[in-house]
Amino acid sequence: MFLHFLIDGYNAIKQVKSLNRIRNLSEARVALIKSIQAKRLLKGKNNQITVVFDGKEECGFSFFTSKDYPSYADFPFKSKTPLNIIFSKGESADEVIKRMVQDSSRPRQIIVVSDDKGIIYLTNSLGAKAMSPAEFLREEQKPRPKKQYTKRRAESLKIELSYQQQEEINRELRRIWGSLKH
């Protein structure tokens, strides 16, 4: 099984702090692509990543435009290059992403990376999954080892109360709870 990640390019740049700090838009796009490549998602045999940007082509990556594949039924999901970049040319990136999910024969294998609520609602309703750009680009964190509670450690954590202390706590709670009935 392969996964197809559809990334709302400018949404990712805007939402991820390290990318949002880059003032030059072309440099921010390059930084986004490098961040995606660093995730090593393309190591999966058939995984595909498509980054969709609003507007016309402005950078030197291999790319497609929304005009090249108006129905997206014949979009090259199994192309030799698993990282595709689309510039929407005359429509919003949101519209392109929504249409790609709608036209997909396998929406359950699509993960849309965007914080845009409209995209998220539509893609989820069609069976695709959604993920925030910050979550997608986050570095893998090593799981913390779980603390082992031995019987001896559990016993050392026990607090023993005398009968008198228990009664004092109960009286205090009755006083507090009784005053709340007003």
# chains A, B, ... in the order shown; residues from 1 in each chain; ligands from 1
>>> residues_around(residues="A:Val52", least_positions_apart="4", cutoff="7 Å", atoms="only C-alpha atoms", output="list in words")
Ile7, Asp8, Gly9, Ile85, Ile86, Phe87, Ser88 and Ala93 of chain A
>>> closest_residue(among="A:Val112, A:Ala31, A:Met100, A:Leu137", to="A:Gln15", atoms="only C-alpha atoms")
A:Leu137
>>> atom_distance(atom1="atom CA of A:Asn11", atom2="atom CA of A:Asp116")
7.6 Å
>>> residues_around(residues="A:Gln109", least_positions_apart="2", cutoff="6 Å", atoms="only C-alpha atoms", output="list in words")
Leu3, Arg106 and Pro107 of chain A
>>> closest_residue(among="A:Arg138, A:Asp94, A:Gly127, A:Ile13", to="A:Ala38", atoms="only C-alpha atoms")
A:Arg138
>>> atom_distance(atom1="atom CA of A:Asn20", atom2="atom CA of A:Pro133")
11.8 Å
>>> closest_residue(among="A:Lys89, A:Val16, A:Ala134, A:Lys39", to="A:Phe53", atoms="only C-alpha atoms")
A:Lys89
>>> closest_residue(among="A:Leu161, A:Ala130, A:Val96, A:Ile110", to="A:His4", atoms="only C-alpha atoms")
A:Ile110
>>> atom_distance(atom1="atom CA of A:Asn47", atom2="atom CA of A:Val101")
15.8 Å
>>> residues_around(residues="A:Ile111", least_positions_apart="4", cutoff="7 Å", atoms="only C-alpha atoms", output="mmCIF file with N, CA and C atoms, in the first residue's frame")
data_model
loop_
_atom_site.group_PDB
_atom_site.id
_atom_site.type_symbol
_atom_site.label_atom_id
_atom_site.label_comp_id
_atom_site.auth_asym_id
_atom_site.auth_seq_id
_atom_site.Cartn_x
_atom_site.Cartn_y
_atom_site.Cartn_z
ATOM 1 N N HIS A 4 -0.324 8.817 -0.407
ATOM 2 C CA HIS A 4 -0.125 10.027 -1.200
ATOM 3 C C HIS A 4 -0.369 11.222 -0.290
ATOM 4 N N PHE A 5 0.685 11.982 -0.041
ATOM 5 C CA PHE A 5 0.602 13.171 0.795
ATOM 6 C C PHE A 5 0.348 14.372 -0.114
ATOM 7 N N LEU A 6 -0.776 15.057 0.108
ATOM 8 C CA LEU A 6 -1.089 16.291 -0.620
ATOM 9 C C LEU A 6 -0.840 17.448 0.329
ATOM 10 N N ALA A 128 -10.410 10.632 3.128
ATOM 11 C CA ALA A 128 -8.981 10.926 3.256
ATOM 12 C C ALA A 128 -8.695 11.391 4.681
ATOM 13 N N LYS A 129 -7.437 11.372 5.044
ATOM 14 C CA LYS A 129 -7.039 11.841 6.367
ATOM 15 C C LYS A 129 -6.440 13.232 6.241
ATOM 16 N N ALA A 130 -6.442 13.964 7.349
ATOM 17 C CA ALA A 130 -5.846 15.301 7.357
ATOM 18 C C ALA A 130 -4.820 15.367 8.477
ATOM 19 N N MET A 131 -3.823 16.205 8.263
ATOM 20 C CA MET A 131 -2.762 16.379 9.245
ATOM 21 C C MET A 131 -2.294 17.830 9.155
#
>>> closest_residue(among="A:Ser26, A:Asn84, A:Gln102, A:Ser132", to="A:Ile49", atoms="only C-alpha atoms")
A:Asn84
